[in-house]
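Okay, coords-v5.txt now, which holds compact mmCIF, C-alpha atoms and all ligand atoms:
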```
# COMPACT_ATOMS: atom_id res chain seq x y z
CA MET A 29 14.92 -1.72 -3.11
CA GLY A 30 17.61 0.49 -1.61
CA VAL A 31 18.39 4.20 -1.47
CA ASP A 32 21.88 5.62 -1.07
CA VAL A 33 21.96 9.24 0.07
CA GLY A 34 25.01 11.41 -0.42
CA GLN A 35 26.49 14.67 -1.60
CA ARG A 36 27.48 14.17 -5.23
CA TYR A 37 24.21 12.40 -5.76
CA LEU A 38 21.53 13.43 -3.32
CA ALA A 39 20.02 10.02 -3.81
CA VAL A 40 20.59 6.90 -5.90
CA ALA A 41 17.76 4.37 -5.84
CA THR A 42 17.85 0.85 -7.22
CA ASP A 43 15.97 -2.42 -6.88
CA THR A 44 16.62 -6.12 -7.42
CA GLN A 45 15.49 -5.76 -11.05
CA ASN A 46 18.23 -3.18 -11.49
CA LYS A 47 15.80 -0.34 -12.06
CA THR A 48 17.89 2.68 -11.08
CA THR A 49 17.18 6.37 -10.51
CA PHE A 50 19.82 9.06 -9.95
CA PHE A 51 19.24 12.42 -8.30
CA PRO A 52 22.31 14.59 -8.99
CA GLY A 53 23.47 17.11 -6.40
CA LYS A 54 25.49 19.46 -8.57
CA GLU A 55 22.89 22.20 -8.69
CA VAL A 56 22.34 21.96 -4.96
CA ARG A 57 26.05 22.32 -4.27
CA ALA A 58 26.25 25.40 -6.50
CA GLN A 59 23.29 26.87 -4.66
CA ALA A 60 24.82 26.13 -1.26
CA ASP A 61 28.04 27.85 -2.36
CA HIS A 62 26.06 30.85 -3.54
CA TYR A 63 24.32 31.20 -0.17
CA ALA A 64 27.57 30.69 1.71
CA ARG A 65 29.20 33.55 -0.22
CA LEU A 66 26.19 35.76 0.41
CA ARG A 67 26.25 34.91 4.12
CA LYS A 68 29.93 35.70 4.41
CA ARG A 69 29.46 39.08 2.76
CA LEU A 70 26.56 40.01 5.03
CA GLN A 71 28.40 38.82 8.14
CA GLN A 72 31.37 41.01 7.25
CA LYS A 73 29.04 43.99 6.89
CA GLY A 74 27.67 43.34 10.37
CA THR A 75 24.96 46.01 10.22
CA ARG A 76 21.49 45.48 11.61
CA SER A 77 19.93 45.34 8.17
CA ALA A 78 22.55 42.79 7.15
CA THR A 79 21.52 40.62 10.11
CA ARG A 80 17.87 40.87 9.08
CA ARG A 81 18.85 39.79 5.55
CA LEU A 82 20.78 36.86 6.99
CA ILE A 83 17.69 35.58 8.78
CA VAL A 84 15.57 35.89 5.64
CA ILE A 85 18.19 34.03 3.61
CA ALA A 86 18.49 31.24 6.18
CA GLY A 87 14.74 30.64 5.99
CA ARG A 88 14.75 30.63 2.21
CA GLU A 89 17.62 28.17 2.04
CA ARG A 90 15.94 25.84 4.51
CA ARG A 91 12.67 25.86 2.55
CA LEU A 92 14.49 25.15 -0.71
CA LYS A 93 16.13 22.13 0.91
CA GLN A 94 12.86 20.84 2.31
CA ASP A 95 11.11 21.23 -1.05
CA ARG A 96 13.89 19.27 -2.70
CA ASP A 97 13.77 16.50 -0.11
CA HIS A 98 10.02 16.22 -0.49
CA LEU A 99 10.37 16.04 -4.27
CA ILE A 100 13.10 13.37 -4.20
CA SER A 101 11.30 11.18 -1.68
CA ARG A 102 8.00 11.55 -3.56
CA ARG A 103 9.64 10.45 -6.83
CA ILE A 104 11.34 7.46 -5.24
CA VAL A 105 8.19 6.24 -3.51
CA ASP A 106 6.20 6.62 -6.74
CA ALA A 107 8.82 4.88 -8.86
CA TYR A 108 8.96 1.77 -6.63
CA PRO A 109 5.40 1.01 -5.54
CA HIS A 110 4.69 -1.58 -2.82
CA SER A 111 8.34 -1.98 -1.90
CA LEU A 112 10.42 -2.69 1.13
CA ILE A 113 12.69 0.35 1.01
CA GLY A 114 16.14 0.00 2.53
CA LEU A 115 17.89 3.07 3.94
CA GLU A 116 21.34 3.29 5.46
CA ASP A 117 21.37 3.60 9.23
CA LEU A 118 23.21 6.91 9.44
CA THR A 119 23.35 7.18 13.21
CA ASN A 120 27.14 7.36 13.04
CA ILE A 121 27.45 9.35 9.83
CA ARG A 122 29.42 12.11 11.54
CA GLU A 123 32.10 9.69 12.53
CA ARG A 124 32.11 8.20 9.07
CA THR A 125 32.69 11.40 7.14
CA ARG A 126 36.21 12.48 7.92
CA ARG A 127 36.40 16.15 8.79
CA THR A 128 39.29 18.47 9.37
CA ARG A 129 38.55 21.60 11.31
CA GLY A 130 40.24 24.82 12.35
CA LYS A 131 43.23 26.47 10.75
CA ARG A 132 44.57 23.24 9.31
CA ALA A 133 41.52 22.72 7.12
CA SER A 134 42.16 23.58 3.49
CA ALA A 135 39.68 25.65 1.50
CA LYS A 136 38.58 22.49 -0.26
CA GLN A 137 38.08 20.69 3.04
CA ARG A 138 36.07 23.60 4.45
CA ARG A 139 33.85 23.53 1.38
CA ALA A 140 33.34 19.80 1.82
CA ASN A 141 32.47 20.30 5.49
CA ARG A 142 29.93 22.91 4.54
CA HIS A 143 28.36 20.59 2.01
CA ALA A 144 28.24 17.78 4.56
CA SER A 145 26.56 19.92 7.18
CA ALA A 146 24.40 21.84 4.71
CA TRP A 147 22.81 18.69 3.50
CA ALA A 148 20.74 16.90 6.11
CA PHE A 149 20.87 13.33 4.90
CA SER A 150 18.36 12.19 7.44
CA GLU A 151 15.68 14.59 6.23
CA VAL A 152 15.17 12.86 2.90
CA GLN A 153 15.17 9.52 4.74
CA SER A 154 12.45 10.56 7.18
CA TYR A 155 10.32 11.99 4.34
CA LEU A 156 10.80 8.71 2.49
CA ALA A 157 9.73 6.70 5.52
CA TYR A 158 6.41 8.43 6.03
CA LYS A 159 5.57 8.78 2.34
CA ALA A 160 6.33 5.07 1.91
CA VAL A 161 3.76 4.11 4.53
CA LEU A 162 1.11 6.33 2.91
CA ALA A 163 1.80 4.67 -0.46
CA GLY A 164 1.63 1.09 0.83
CA SER A 165 5.40 0.59 1.06
CA LEU A 166 7.65 0.35 4.06
CA ALA A 167 11.09 1.73 4.89
CA VAL A 168 13.66 -0.02 7.07
CA LYS A 169 17.18 0.87 8.17
CA VAL A 170 20.06 -1.39 7.23
CA ASP A 171 23.68 -1.50 8.38
CA ALA A 172 25.69 1.21 6.61
CA TYR A 173 28.97 -0.59 7.28
CA HIS A 174 31.20 -0.57 4.14
CA THR A 175 28.31 -0.13 1.69
CA SER A 176 30.58 1.87 -0.61
CA GLN A 177 33.62 -0.40 -0.31
CA ALA A 178 32.18 -3.89 -0.78
CA CYS A 179 32.11 -5.43 -4.26
CA PRO A 180 28.53 -6.53 -5.02
CA ARG A 181 29.83 -9.18 -7.40
CA CYS A 182 32.64 -10.98 -5.53
CA GLY A 183 32.36 -9.53 -2.03
CA TYR A 184 35.93 -8.20 -1.84
CA THR A 185 35.85 -5.23 0.53
CA SER A 186 38.54 -2.56 0.61
CA PRO A 187 38.90 1.23 0.49
CA ASP A 188 41.10 0.60 -2.57
CA ASN A 189 37.94 -0.35 -4.48
CA ARG A 190 37.35 3.40 -4.64
CA PRO A 191 40.44 4.76 -6.42
CA GLU A 192 41.01 8.33 -5.15
CA LYS A 193 37.57 8.20 -3.54
CA GLY A 194 36.23 9.03 -6.98
CA LEU A 195 33.02 8.40 -8.87
CA VAL A 196 34.08 5.00 -10.07
CA PHE A 197 34.05 1.81 -8.07
CA MET A 198 36.64 -0.65 -9.30
CA CYS A 199 36.97 -3.96 -7.49
CA GLN A 200 40.66 -4.72 -6.96
CA ALA A 201 39.93 -8.46 -6.89
CA CYS A 202 37.54 -9.12 -9.81
CA HIS A 203 37.78 -5.76 -11.67
CA PHE A 204 34.03 -5.24 -11.53
CA THR A 205 33.49 -1.58 -12.37
CA LEU A 206 30.44 0.56 -11.68
CA HIS A 207 29.28 4.00 -10.60
CA ALA A 208 30.35 4.21 -6.93
CA ASP A 209 27.05 5.53 -5.62
CA LEU A 210 25.17 2.81 -7.48
CA VAL A 211 27.38 0.24 -5.75
CA GLY A 212 26.26 1.77 -2.46
CA ALA A 213 22.59 1.55 -3.47
CA ARG A 214 23.06 -2.07 -4.60
CA ASN A 215 24.65 -3.10 -1.34
CA ILE A 216 21.81 -1.43 0.54
CA THR A 217 19.34 -3.30 -1.68
CA LEU A 218 21.06 -6.61 -0.91
CA ARG A 219 20.95 -5.94 2.82
CA THR A 220 17.28 -5.02 2.52
CA LEU A 221 16.71 -8.34 0.78
CA LEU A 222 18.30 -10.10 3.76
CA ALA A 223 16.04 -8.15 6.14
CA ARG A 224 13.07 -9.26 4.05
CA GLN A 225 14.18 -12.90 4.14
CA ASP A 226 14.41 -12.72 7.94
CA TRP A 227 10.98 -11.14 8.05
CA VAL A 228 9.47 -13.96 5.98
CA ARG A 229 11.30 -16.62 7.98
CA THR A 230 10.64 -15.31 11.50
CA GLY A 231 7.56 -13.13 11.07
CA VAL A 232 9.44 -10.27 12.70
CA LEU A 233 10.68 -7.27 10.76
CA SER A 234 13.62 -5.43 12.31
CA GLU A 235 13.25 -1.77 11.54
CA ARG A 236 16.89 -1.02 12.19
CA PRO A 237 20.02 -3.14 12.59
CA GLU A 238 20.79 -4.52 16.02
CA VAL A 239 23.92 -2.76 17.30
CA SER A 240 24.13 -3.53 21.00
CA ASP A 241 24.80 -7.27 20.61
CA ALA A 242 28.30 -7.70 19.18
CA GLU A 243 27.71 -11.31 18.20
CA ALA A 244 24.51 -10.54 16.28
CA LYS A 245 26.30 -7.65 14.60
CA ALA A 246 29.20 -9.84 13.50
CA ALA A 247 26.82 -12.54 12.20
CA ARG A 248 24.86 -9.97 10.23
CA ARG A 249 28.00 -8.50 8.68
CA GLN A 250 29.21 -11.96 7.78
CA ARG A 251 25.91 -12.63 6.02
CA SER A 252 25.88 -9.35 4.11
CA ALA A 253 29.47 -10.02 3.03
CA GLU A 254 28.35 -13.32 1.50
CA VAL A 255 25.35 -12.14 -0.49
CA ARG A 256 26.03 -11.47 -4.20
CA TRP A 257 24.51 -9.40 -6.92
CA SER A 258 23.96 -11.64 -9.93
CA LEU A 259 22.85 -9.26 -12.69
CA ASP A 260 25.67 -8.39 -15.01
CA THR A 261 24.47 -5.01 -16.20
CA SER A 262 26.12 -1.70 -15.47
CA PRO A 263 23.93 1.00 -17.01
CA ALA A 264 25.70 3.91 -15.38
CA LEU A 265 29.02 3.54 -17.16
ZN ZN B 301 34.78 -7.95 -7.00
```
Representation of the structure as structure tokens:
Amino acid sequence: MGVDVGQRYLAVATDTQNKTTFFPGKEVRAQADHYARLRKRLQQKGTRSATRRLIVIAGRERRLKQDRDHLISRRIVDAYPHSLIGLEDLTNIRERTRRTRGKRASAKQRRANRHASAWAFSEVQSYLAYKAVLAGSLAVKVDAYHTSQACPRCGYTSPDNRPEKGLVFMCQACHFTLHADLVGARNITLRTLLARQDWVRTGVLSERPEVSDAEAKAARRQRSAEVRWSLDTSPAL
């Protein structure tokens, strides 16, 4: 199975049987905005009591986030027992999410930046990894390259498959349409399946994708571009 972590949906989990679970992030974003407003007000005040309040609030916000991450990872591990769980290798996530900083950043962009930094994607992944082991499952990292742009049905890969970077994935080659975050989770699932095949074939499980060897990287990407999702269901739309 595979788990896609993000901002609109904190997590989308799916498996090869197409059993899918969504964890929406709307409430979390509203909460983050609330705390950001509160922080701004207290910072403007600048008094000593305001500073004390700021510290209290920071702790509360952090605990809320941790509780949520624990809850999400718990639910995923319970819903997919005895699974090989694929997670995106997010080592380069900062380079992947385009950010504009400074005076040129619009209000919308600044809000997006805050959401990106406010949400530690890796936290839910690390909780998942250790809970998986305790439950008799195992988590591995897979290549995050183009997971949201590749069509799981025909393989066509392009940023245009995500019109206006919206919620809907629409393949420009075969017109396959699906919830964009579910496409991400499916592609992660397919890559996890490849990792499992290698494990069975060689007896060695790679816990994260090889990145130092350019040739191995290219071969892996070629393989993941060729694997196809054969189920024709799209429950999310
Ligand atoms: Zn397609």
May I ask you to write as a PDB file with C-alpha atoms, in the coordinates of the input all residues lying at most 9 Å from ligand ZN 301 (chain B), with only C-alpha atoms and all ligand atoms counted?
```pdb
ATOM      1  CA  ALA A 178      32.180  -3.890  -0.780  1.00  0.00           C
ATOM      2  CA  CYS A 179      32.110  -5.430  -4.260  1.00  0.00           C
ATOM      3  CA  PRO A 180      28.530  -6.530  -5.020  1.00  0.00           C
ATOM      4  CA  ARG A 181      29.830  -9.180  -7.400  1.00  0.00           C
ATOM      5  CA  CYS A 182      32.640 -10.980  -5.530  1.00  0.00           C
ATOM      6  CA  GLY A 183      32.360  -9.530  -2.030  1.00  0.00           C
ATOM      7  CA  TYR A 184      35.930  -8.200  -1.840  1.00  0.00           C
ATOM      8  CA  THR A 185      35.850  -5.230   0.530  1.00  0.00           C
ATOM      9  CA  ASN A 189      37.940  -0.350  -4.480  1.00  0.00           C
ATOM     10  CA  MET A 198      36.640  -0.650  -9.300  1.00  0.00           C
ATOM     11  CA  CYS A 199      36.970  -3.960  -7.490  1.00  0.00           C
ATOM     12  CA  GLN A 200      40.660  -4.720  -6.960  1.00  0.00           C
ATOM     13  CA  ALA A 201      39.930  -8.460  -6.890  1.00  0.00           C
ATOM     14  CA  CYS A 202      37.540  -9.120  -9.810  1.00  0.00           C
ATOM     15  CA  HIS A 203      37.780  -5.760 -11.670  1.00  0.00           C
ATOM     16  CA  PHE A 204      34.030  -5.240 -11.530  1.00  0.00           C
ATOM     17  CA  THR A 205      33.490  -1.580 -12.370  1.00  0.00           C
TER      18      THR A 205
END
```
- Interatomic distance between atom CA of A:Asn46 and atom CA of A:Ala213?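 Going from atom CA of A:Asn46 over to atom CA of A:Ala213 covers 10.3 Å.
Between A:Val196 and the candidates A:Ala247, A:Ala163, A:Leu99, A:Leu210, the tightest atom-to-atom separation, counting all atoms listed in the file, involves A:Leu210.
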Interface rows for stretch 143-257 of chain A against stretch 29-42 of chain A: nearest pair, Å to one decimal, 10 Å, all atoms listed in the file, as a Markdown table:
```
| residue | atom | partner | partner_atom | distance |
| --- | --- | --- | --- | --- |
| A:His143 | CA | A:Gln35 | CA | 7.2 |
| A:Ala144 | CA | A:Gln35 | CA | 7.1 |
| A:Ala146 | CA | A:Gln35 | CA | 9.8 |
| A:Trp147 | CA | A:Gln35 | CA | 7.5 |
| A:Ala148 | CA | A:Gly34 | CA | 9.5 |
| A:Phe149 | CA | A:Val33 | CA | 6.4 |
| A:Ser150 | CA | A:Val33 | CA | 8.7 |
| A:Val152 | CA | A:Val33 | CA | 8.2 |
| A:Gln153 | CA | A:Val33 | CA | 8.2 |
| A:Leu156 | CA | A:Val31 | CA | 9.7 |
| A:Ala167 | CA | A:Gly30 | CA | 9.3 |
| A:Val168 | CA | A:Gly30 | CA | 9.6 |
| A:Lys169 | CA | A:Gly30 | CA | 9.8 |
| A:Val170 | CA | A:Gly30 | CA | 9.4 |
| A:Ala172 | CA | A:Asp32 | CA | 9.6 |
| A:Thr175 | CA | A:Asp32 | CA | 9.1 |
| A:Ser176 | CA | A:Asp32 | CA | 9.5 |
| A:Leu195 | CA | A:Arg36 | CA | 8.8 |
| A:Asp209 | CA | A:Val40 | CA | 6.6 |
| A:Leu210 | CA | A:Val40 | CA | 6.3 |
| A:Val211 | CA | A:Asp32 | CA | 9.0 |
| A:Gly212 | CA | A:Asp32 | CA | 6.0 |
| A:Ala213 | CA | A:Asp32 | CA | 4.8 |
| A:Arg214 | CA | A:Thr42 | CA | 6.5 |
| A:Asn215 | CA | A:Gly30 | CA | 7.9 |
| A:Ile216 | CA | A:Gly30 | CA | 5.1 |
| A:Thr217 | CA | A:Gly30 | CA | 4.2 |
| A:Leu218 | CA | A:Gly30 | CA | 7.9 |
| A:Arg219 | CA | A:Gly30 | CA | 8.5 |
| A:Thr220 | CA | A:Gly30 | CA | 6.9 |
| A:Leu221 | CA | A:Met29 | CA | 7.9 |
```
- So how many Å separate atom CA of A:Ser252 and atom CA of A:Val105, to one decimal? 24.8 Å
- Task: State, in Å with one decimal place, the distance from atom CA of A:Ser234 to atom CA of A:Phe50.
- Result: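 These two atoms are separated by 27.3 Å.
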